[in-house]
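What follows is one structure encoded as C-alpha cells, with my remarks underneath.
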Amino acid sequence: MKEKATLLGGLAPAQPLAARMRPTTLDEVVGQVALIGPGAPLRRLLERGEAPSLLLWGPPGSGKSTLAAVIAASLKAVPTSLSATSDGVAEVRKAVAAAIERREHGEQTLLFIDELHRFSRTQQDALLPHVEAGTIILVGATTEAPPRAISPALLSRMRTFRLAPLSSGDLETLLDRALTDPRGLNGAVQVDADARRQLVGYASGDARRLLTLLEMAALMTTDGKEITPREVLLAAQDRSLPYDQSGVTSALIKSIRGNDPDAAIWWLATALEGGEDPRVIARRLLVSASEDVGNADPAALPLAAAAAQVVELAGSPECDWALAQAVTYLASAPKSPRAGEALAAAREQIATGGQLPVPGHLRASAKTYQSPHAAGEPFDIDQEYLPREIATKRFYTPSGSGAEADLRDRIAALRAARGKGAKS
C-alpha cells in the first residue's frame, strides 16, 4: 500500500482513517450484537455457510456496507459493489454476467447494492431471476422502511435485518481502537475526556462520522499529540451536524404537549441548526395548536398561523423569532385534546353506524327550521340537530383546562335547557 507523510509525524496509509479501520471479520465489527453476537441469527447463518440474499436496513454509519464486505469474506464470495444512486440496469447486467462466468468456475458472487431503495420497482424486479437462480447473493442496503421502499416481490426473497445506530459505548470502543490500532493512528495522539465526549456526541451513532472527525481533529492538533475540545470544534465547524428530522420534530411537539418550554425551545434550536425547513416546523406548530392546545386556549391557533405567515413572508433567519414565540407560547399554554377526540368519536360512530339522513328541518329547503336568532336565545328552542337515531349521543366533552372550562359550563347549561342534560 502506498505510504505518505502525515501531519501527525511518521507514515500512514493514503486511505482515509474510516477506510483503514474497516473490519474484515465478524469479531471486528463494533455493535449490532443482536445480529452478529454469539448465537445471533445472522452469525448462525454465516457460521453454517448459508448464503441467503439479505436486506440490511439501518441509518447512515450503522455499518451496512462494512457488514456486507464481512459477509462476502465469511462466505468466501467475490464481492461486487454497485450504488443505486449512480448505477443502473446496464451495470447490474454486467455484474450478473461476470457472476455467471464465476459460477461456471465454482465461485460465488456477492452483489452489494447500496441505497437499493433508489432503484425503481422495475429495476429492483430485474434482479429477481438472478436471486432466484442463485447466480448472485444479493445484499442490499437501505435507510428506508423496506415495505415502502423495496419491491414486494424482491423483498419476499430476501432476509431483512435491521441495524441499530451505534451506541455511545460502541463509539467509545471504536474510538479507542482507532487511536491504538496500527491501521489507525497507532498511538500517535491522545484524546482528552471532554474531546471524547464531543466526538461521540457529534457522531450521533455514525461510525464513519466519528472516524472522519477524529482524523480531522488529529490533523488540527498543534503539538500532534493530544486532541482537545478546540480541535474537535475546528474539525466539526465545516461539517453539518447529524440531524434526525423525524426524531427532532417529534421531540419538539412532545415537549410542547408536555408543557416544557425549555425543552421545546431546545428542540426548535436543534431543528433550525440542523437545517430544517422552517415551513415544516410551522406546519407542525399549526397542528399542535389545534391537537394539543385546542379550546383550552383559542389564541394558540391564530398565533401559530401568524408564525407560519411570518415564515412565508420573511423567510429564514428572520422568521426564527416568530417560531420561538409560537413554540414557547404553545408549550406554556393549557392543553386540551377534547375537540380532536370529539371528531374521532363522531367518525367512529359513522364507521360503526353508517351515514344517517339529514333531518328534514335542517335541509336547505326546510320550512320547519326555527332560527335561534329569531327566538332571542339559542336554548329557547326545543330543536334537534343530530339525526333521530343518535339524538342522545355526546361527542364533545369539554375539559376543565383553561378557557375550555368556560365552554364546559356553557355547554352544560345549553344541554340542560334543551332537556338533554341527564342523557349520555
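Quick note on naming: the chains in the C-alpha cells go A, B, ... in the order shown, residues restart at 1 in each chain, and ligands are numbered from 1 in order of appearance.
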
| task | With a distance cut-off of 7 Å and only C-alpha atoms, select the neighbouring residues of segment 187-197 of chain A, excluding the residue or stretch itself and same-chain residues fewer than 6 positions from it, and output the selection as a VMD selection string. | result | chain A and resid 8 179 to 180 224 to 229 232

Output of the above residues as a JSON list (two decimals), in the first residue's frame, restricted to C-alpha atoms:
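Dumped everything to again_26.json:
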```json
[["chain", "number", "residue", "atom", "x", "y", "z"],
["A", 8, "LEU", "CA", 0.95, 13.50, 12.78],
["A", 179, "LEU", "CA", -6.37, 5.53, 18.40],
["A", 180, "THR", "CA", -4.27, 2.45, 19.13],
["A", 224, "GLY", "CA", 0.44, 16.43, 17.17],
["A", 225, "LYS", "CA", -0.05, 14.60, 20.47],
["A", 226, "GLU", "CA", -3.35, 15.48, 22.16],
["A", 227, "ILE", "CA", -6.82, 16.24, 20.85],
["A", 228, "THR", "CA", -8.77, 18.72, 22.98],
["A", 229, "PRO", "CA", -12.26, 20.20, 22.52],
["A", 232, "VAL", "CA", -12.86, 18.78, 17.74]]
```

| query | Quick one: DSSP strand (DSSP E or B) residues in segment 46-254 of chain A, as number ranges by chain? | reply | A: 54-57, 78-83, 109-114, 137-142, 159-162, 190-191, 226-227

Output C-alpha atoms of each residue in that selection to a file, as a compact mmCIF listing (two decimals), in the first residue's frame.
```
# COMPACT_ATOMS: atom_id res chain seq x y z
CA LEU A 54 -30.13 -10.10 2.56
CA LEU A 55 -31.52 -6.62 3.05
CA LEU A 56 -29.62 -4.53 5.60
CA TRP A 57 -31.85 -1.75 6.88
CA VAL A 78 -16.31 -12.45 -4.69
CA PRO A 79 -17.62 -9.03 -3.62
CA THR A 80 -19.07 -6.68 -6.24
CA SER A 81 -20.46 -3.29 -5.26
CA LEU A 82 -22.94 -1.02 -7.01
CA SER A 83 -24.72 2.13 -5.90
CA THR A 109 -20.58 -13.61 -6.21
CA LEU A 110 -21.95 -11.32 -3.55
CA LEU A 111 -23.53 -8.29 -5.21
CA PHE A 112 -23.86 -5.39 -2.78
CA ILE A 113 -26.20 -2.59 -3.88
CA ASP A 114 -26.04 0.48 -1.70
CA ILE A 137 -26.05 -13.44 -3.37
CA LEU A 138 -27.77 -10.08 -3.24
CA VAL A 139 -27.09 -7.85 -0.25
CA GLY A 140 -28.99 -4.60 -0.41
CA ALA A 141 -28.61 -1.63 1.91
CA THR A 142 -31.36 0.86 2.63
CA ARG A 159 -33.97 -11.85 4.67
CA THR A 160 -34.31 -8.43 6.26
CA PHE A 161 -32.00 -7.47 9.12
CA ARG A 162 -32.37 -4.15 10.90
CA GLN A 190 -4.35 11.02 22.74
CA VAL A 191 -7.87 12.39 23.23
CA GLU A 226 -3.35 15.48 22.16
CA ILE A 227 -6.82 16.24 20.85
```

| field | Residue among A:Ala346, A:Ile136, A:Leu362, A:Ala164 lying closest to Ile390 of chain A, counting only C-alpha atoms | value |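 Ranking A:Ala346, A:Ile136, A:Leu362, A:Ala164 by distance to Ile390 of chain A, first place goes to A:Ala346.
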
| task | Provide the atom CA of Ala296 of chain A to atom CA of Ala403 of chain A distance in Å, to one decimal place. | result |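 Atom CA of Ala403 of chain A lies at a distance of 4.8 Å from atom CA of Ala296 of chain A.
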
| query | Pick from A:Asp206, A:Glu144, A:Glu91, A:Asp292: nearest to Leu171 of chain A, with only C-alpha atoms counted? | reply |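 Among A:Asp206, A:Glu144, A:Glu91, A:Asp292, it is A:Asp206 that comes nearest to Leu171 of chain A.
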
| message | To test your reading of the structure, identify every residue in segment 240-328 of chain A that backbone DSSP assigns to helix (DSSP H, G or I), and report it as an NGL selection string. | response | :A and (245-257 or 261-273 or 278-296 or 300-314 or 320-328)

Can you list, as a PDB file with N, CA and C atoms, in the first residue's frame, every protein, DNA or RNA residue that comes within 12 Å of Ala324 of chain A when you count only C-alpha atoms, leaving out same-chain residues fewer than 3 positions away?
```pdb
ATOM      1  N   LEU A 252     -39.814  17.950  19.632  1.00  0.00           N
ATOM      2  CA  LEU A 252     -40.331  19.317  19.771  1.00  0.00           C
ATOM      3  C   LEU A 252     -41.810  19.296  20.141  1.00  0.00           C
ATOM      4  N   ILE A 256     -43.786  20.363  23.684  1.00  0.00           N
ATOM      5  CA  ILE A 256     -44.909  21.310  23.740  1.00  0.00           C
ATOM      6  C   ILE A 256     -46.082  20.669  24.468  1.00  0.00           C
ATOM      7  N   PRO A 261     -41.479  24.484  28.109  1.00  0.00           N
ATOM      8  CA  PRO A 261     -40.984  25.448  27.121  1.00  0.00           C
ATOM      9  C   PRO A 261     -39.472  25.408  26.943  1.00  0.00           C
ATOM     10  N   ASP A 262     -38.727  25.026  27.993  1.00  0.00           N
ATOM     11  CA  ASP A 262     -37.268  24.959  27.867  1.00  0.00           C
ATOM     12  C   ASP A 262     -36.859  23.843  26.913  1.00  0.00           C
ATOM     13  N   ALA A 263     -37.472  22.665  27.084  1.00  0.00           N
ATOM     14  CA  ALA A 263     -37.171  21.561  26.168  1.00  0.00           C
ATOM     15  C   ALA A 263     -37.637  21.891  24.756  1.00  0.00           C
ATOM     16  N   ALA A 264     -38.810  22.516  24.654  1.00  0.00           N
ATOM     17  CA  ALA A 264     -39.349  22.843  23.331  1.00  0.00           C
ATOM     18  C   ALA A 264     -38.432  23.800  22.581  1.00  0.00           C
ATOM     19  N   ILE A 265     -37.916  24.818  23.267  1.00  0.00           N
ATOM     20  CA  ILE A 265     -37.045  25.788  22.587  1.00  0.00           C
ATOM     21  C   ILE A 265     -35.705  25.142  22.228  1.00  0.00           C
ATOM     22  N   TRP A 266     -35.260  24.188  23.048  1.00  0.00           N
ATOM     23  CA  TRP A 266     -34.036  23.452  22.728  1.00  0.00           C
ATOM     24  C   TRP A 266     -34.204  22.667  21.432  1.00  0.00           C
ATOM     25  N   TRP A 267     -35.329  21.952  21.316  1.00  0.00           N
ATOM     26  CA  TRP A 267     -35.540  21.150  20.110  1.00  0.00           C
ATOM     27  C   TRP A 267     -35.798  22.032  18.895  1.00  0.00           C
ATOM     28  N   LEU A 268     -36.390  23.198  19.106  1.00  0.00           N
ATOM     29  CA  LEU A 268     -36.526  24.141  17.993  1.00  0.00           C
ATOM     30  C   LEU A 268     -35.151  24.573  17.507  1.00  0.00           C
ATOM     31  N   ALA A 269     -34.268  24.925  18.450  1.00  0.00           N
ATOM     32  CA  ALA A 269     -32.909  25.327  18.075  1.00  0.00           C
ATOM     33  C   ALA A 269     -32.179  24.191  17.371  1.00  0.00           C
ATOM     34  N   ALA A 271     -33.501  21.809  15.605  1.00  0.00           N
ATOM     35  CA  ALA A 271     -34.060  21.677  14.258  1.00  0.00           C
ATOM     36  C   ALA A 271     -33.512  22.751  13.323  1.00  0.00           C
ATOM     37  N   LEU A 272     -33.483  23.988  13.790  1.00  0.00           N
ATOM     38  CA  LEU A 272     -33.004  25.086  12.946  1.00  0.00           C
ATOM     39  C   LEU A 272     -31.519  24.939  12.642  1.00  0.00           C
ATOM     40  N   PRO A 278     -37.986  25.856   7.892  1.00  0.00           N
ATOM     41  CA  PRO A 278     -38.906  26.486   8.851  1.00  0.00           C
ATOM     42  C   PRO A 278     -40.374  26.230   8.524  1.00  0.00           C
ATOM     43  N   ILE A 281     -41.505  23.155  10.309  1.00  0.00           N
ATOM     44  CA  ILE A 281     -41.752  23.434  11.728  1.00  0.00           C
ATOM     45  C   ILE A 281     -43.074  24.164  11.895  1.00  0.00           C
ATOM     46  N   ALA A 282     -43.319  25.165  11.044  1.00  0.00           N
ATOM     47  CA  ALA A 282     -44.554  25.953  11.148  1.00  0.00           C
ATOM     48  C   ALA A 282     -45.784  25.070  10.975  1.00  0.00           C
ATOM     49  N   LEU A 285     -46.396  23.160  14.122  1.00  0.00           N
ATOM     50  CA  LEU A 285     -46.929  24.017  15.182  1.00  0.00           C
ATOM     51  C   LEU A 285     -48.412  24.291  14.971  1.00  0.00           C
ATOM     52  N   LEU A 303     -52.059  32.397  16.781  1.00  0.00           N
ATOM     53  CA  LEU A 303     -50.645  32.715  16.973  1.00  0.00           C
ATOM     54  C   LEU A 303     -49.770  31.816  16.104  1.00  0.00           C
ATOM     55  N   ALA A 304     -50.084  30.515  16.068  1.00  0.00           N
ATOM     56  CA  ALA A 304     -49.317  29.596  15.229  1.00  0.00           C
ATOM     57  C   ALA A 304     -49.480  29.943  13.753  1.00  0.00           C
ATOM     58  N   ALA A 307     -47.321  32.898  12.996  1.00  0.00           N
ATOM     59  CA  ALA A 307     -45.919  32.499  12.867  1.00  0.00           C
ATOM     60  C   ALA A 307     -45.666  31.860  11.503  1.00  0.00           C
ATOM     61  N   ALA A 308     -46.607  31.031  11.050  1.00  0.00           N
ATOM     62  CA  ALA A 308     -46.471  30.409   9.730  1.00  0.00           C
ATOM     63  C   ALA A 308     -46.463  31.461   8.627  1.00  0.00           C
ATOM     64  N   VAL A 310     -45.361  34.565   8.985  1.00  0.00           N
ATOM     65  CA  VAL A 310     -44.049  35.220   9.054  1.00  0.00           C
ATOM     66  C   VAL A 310     -43.006  34.376   8.329  1.00  0.00           C
ATOM     67  N   VAL A 311     -43.090  33.061   8.492  1.00  0.00           N
ATOM     68  CA  VAL A 311     -42.160  32.171   7.794  1.00  0.00           C
ATOM     69  C   VAL A 311     -42.253  32.381   6.290  1.00  0.00           C
ATOM     70  N   PRO A 317     -33.268  33.915   8.217  1.00  0.00           N
ATOM     71  CA  PRO A 317     -33.451  33.581   9.635  1.00  0.00           C
ATOM     72  C   PRO A 317     -34.424  34.500  10.370  1.00  0.00           C
ATOM     73  N   GLU A 318     -35.001  35.489   9.665  1.00  0.00           N
ATOM     74  CA  GLU A 318     -35.865  36.456  10.348  1.00  0.00           C
ATOM     75  C   GLU A 318     -37.072  35.795  11.006  1.00  0.00           C
ATOM     76  N   CYS A 319     -37.531  34.687  10.435  1.00  0.00           N
ATOM     77  CA  CYS A 319     -38.726  34.035  10.977  1.00  0.00           C
ATOM     78  C   CYS A 319     -38.450  33.247  12.254  1.00  0.00           C
ATOM     79  N   ASP A 320     -37.175  33.071  12.600  1.00  0.00           N
ATOM     80  CA  ASP A 320     -36.843  32.243  13.760  1.00  0.00           C
ATOM     81  C   ASP A 320     -37.464  32.784  15.046  1.00  0.00           C
ATOM     82  N   TRP A 321     -37.502  34.119  15.182  1.00  0.00           N
ATOM     83  CA  TRP A 321     -38.079  34.722  16.384  1.00  0.00           C
ATOM     84  C   TRP A 321     -39.567  34.400  16.485  1.00  0.00           C
ATOM     85  N   VAL A 327     -43.521  28.606  19.705  1.00  0.00           N
ATOM     86  CA  VAL A 327     -43.145  27.396  20.440  1.00  0.00           C
ATOM     87  C   VAL A 327     -43.279  27.598  21.944  1.00  0.00           C
ATOM     88  N   THR A 328     -42.744  28.711  22.450  1.00  0.00           N
ATOM     89  CA  THR A 328     -42.813  28.938  23.898  1.00  0.00           C
ATOM     90  C   THR A 328     -44.246  29.167  24.356  1.00  0.00           C
ATOM     91  N   TYR A 329     -45.054  29.831  23.527  1.00  0.00           N
ATOM     92  CA  TYR A 329     -46.460  30.052  23.897  1.00  0.00           C
ATOM     93  C   TYR A 329     -47.213  28.726  23.951  1.00  0.00           C
ATOM     94  N   LEU A 330     -47.063  27.926  22.908  1.00  0.00           N
ATOM     95  CA  LEU A 330     -47.778  26.649  22.865  1.00  0.00           C
ATOM     96  C   LEU A 330     -47.360  25.739  24.020  1.00  0.00           C
ATOM     97  N   ALA A 331     -46.054  25.733  24.326  1.00  0.00           N
ATOM     98  CA  ALA A 331     -45.569  24.877  25.410  1.00  0.00           C
ATOM     99  C   ALA A 331     -46.068  25.342  26.771  1.00  0.00           C
TER     100      ALA A 331
END
```

Could you give me, as a Markdown table, a per-residue list for segment 63-157 of chain A showing, wherever an atom lies at most 8 Å from an atom of segment 20-38 of chain A, the closest pair of atoms and their distance in Å to one decimal, using only C-alpha atoms and sorting by chain then residue number from low to high?
```
| residue | atom | partner | partner_atom | distance |
| --- | --- | --- | --- | --- |
| A:Thr66 | CA | A:Arg22 | CA | 6.5 |
| A:Leu67 | CA | A:Val29 | CA | 7.6 |
| A:Ala69 | CA | A:Thr24 | CA | 7.4 |
| A:Val70 | CA | A:Thr24 | CA | 5.5 |
| A:Ile71 | CA | A:Leu26 | CA | 8.0 |
| A:Ala73 | CA | A:Thr24 | CA | 7.4 |
| A:Ser74 | CA | A:Thr25 | CA | 7.3 |
```

| Skipping near chain neighbours, those fewer than 3 positions away, what residues fall within 8 Å of Leu75 of chain A using only C-alpha atoms, listed as a ChimeraX atom specification? | /A:46,49-51,71-72
